[in-house]
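The structure appears right after this line, and notes come after that.
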Amino acid sequence: MLVERIAGGDAEALGDLYDRYGRVAFGMLYRMLPGPEAAEEVAQDAFHAVWRRASSYRPERGAVRTWLLAICRNAAIDWRRTRGKRSEREVSIDTAADLIADGRVDERVVDALREERVRKAVSELPAEQRDVLSLAFWGGYSQTEIAARTNTPLGTVKSRVRLGMTKLRERFVDER
Amino acid sequence: MSIDRTRHPLEDLPAYALGALEEAERAFVEAHLETCDECARELAQFEEALYEAAAVGAARADPPRDLRARIVLRHRGTRARRESDWGGARARAWLARPVPLALPLALAVFLVVSFVAVGTARREADAYARALAGVADGRVVALAAQKDAPPDARGALVIPRSGDPYVVLELSSPPTGKAWEAWVIKGQHPTAAGVSGSGGLFTIVLSAPVGAGDVVAVTLEPAAGSRAPTSDPILAGGT
């Protein structure tokens with residue numbers, strides 16, 4: 001309904017979408033990008049992309065939050081490739097160390113029960129799989145770049161990505 | 001070389017969800033996803049799991065207070081509408097509303113132009129005019145440029161029927177170490193109401209309530225904001 005309203009040209013519905021998911025989207029972009037200014041810029045780009053693409057959203061292909069966050073992720077990737085300076089990109093490898101943070105999560109983003117489930121699922125992944133997922137998602141590194149930086153054969157990186165993501169998916173699918 | 005969209009790139013979907021494919025691989029998967037619901041559903045499962053983890057891994061960071069308003073403002077009135085939505089009766093009703101005393105002629109002309117010039121001309125109107133013309137459920141009061149205002153400085157106070165009031169500003173970027181600060185002035189007493197280091201078209205959501213007879217002003221202040229104005233107003237308008 002919300003996305004339909006956006007597709008119909010209702011800017012307030014875009015505000016409603018922001019109310020629901022803006023905080024998690026901003027927090028994700030904040031960690032993916034070098035600073036709050038970049039996160040703010042990309043968040044605006046992402047919501048503009050939502051506005052333009054709302055009519056092509058298909059609920060059978062995934063939930064609204066997933067669709068929005070994927071748009072945010074793509075906008076962040078585009079920012080890194082087109083506007084981010086190399087030096088800014090280099091910073092992110094340090095902050096990409098962990099797939100999930102140690103500190104408590106804002107309960108306005110994820111409730112405590114859900115957070116515990118996620119922490120458990122992630123902690124059950126082998127460390128080498130967690131690392132490649134984290135470097136790729138938060139650090140913005142491609143599989144090829146991860147292989148080069150960690151002196152690991154590309155095939156090994158690819159299989160860690162596949163295995164890690166498959167286990168993550170199984171954990172969450174099983175939880176439903 | 002044409003892309004074979006019939007090959008299901010199942011092995012690449014996890015890396016695609018992560019954003020870890022090389023450009024050519026990413027392009028191939030995207031092209032395939034356009035036509036393959038099966039792979040799109042598969043991808044959605046990876047993405048849902050990934051974003052569950054990402055929500056927990058996301059930084060605990062507060063977005064800027066006016067980010068929502070800026071996102072909404074940018075899109076109000078930007079979608080092409082049917083002629084009847086903008087035609088005579090609606091425009092006349094809008095124009096028949098009581099116009100705040102502080103609304104200068106220039107803004108009134110802007111609004112008239114915005115409503116009369118439907119269609120192409122409307123889409124070509126500048127972003128500032130579009131932002132104000134898109135305020136459908138609130139009151140707009142122009143802020144008059146003062147003697148020290150930068151050339152082309154424009155601003156308006158928007159008092160929505162629900163939600164916080166905000167100012168829509170079009171100003172050059174402040175000098176290094178400085179920011180634009182909004183004030184709500186009751187009688188002779190100014191209250192700091194928000195700071196922005198932005199330039200161009202931007203908004204500041206006012207953190208102080210605006211009542212009848214109050215004046216809203218914008219000054220140039222140190223980047224962290226001031227407790228009381230340290231310079232003359234750039235823009236000001238009364239409610």
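If you're wondering about the labels, chains in the structure tokens are A, B, ... by order shown, residues count from 1 in each chain, ligands from 1 in order shown.
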What residues in chain B have any atom no more than 6 Å from chain A when counting only C-alpha atoms, and can you write them as a PyMOL selection string?
-> chain B and resi 14+18+20-21+40-41+44+46+48-49+53+56-61+72+75-76+79
Near Arg65 in chain B, within 10 Å and counting only C-alpha atoms, which residues show up once chain neighbours fewer than 5 positions away are dropped, as a ChimeraX atom specification?
-> /B:70,194,203-207
Gap from CA of Arg74 in chain B to CA of Val158 in chain B - Å, one decimal = 14.3 Å
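Atom pair CA of Val64 in chain A / CA of Met1 in chain A has a distance of 10.2 Å (rounded to one decimal).
Between CA of Tyr128 in chain B and CA of Thr230 in chain B the interatomic distance comes to 27.5 Å.
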Shell of 10 Å around Ser196 in chain B, only C-alpha atoms, local chain residues under 3 positions omitted, as a ChimeraX atom specification = /B:64,66,173-174,178-182,199,202-205,220-221,223-225
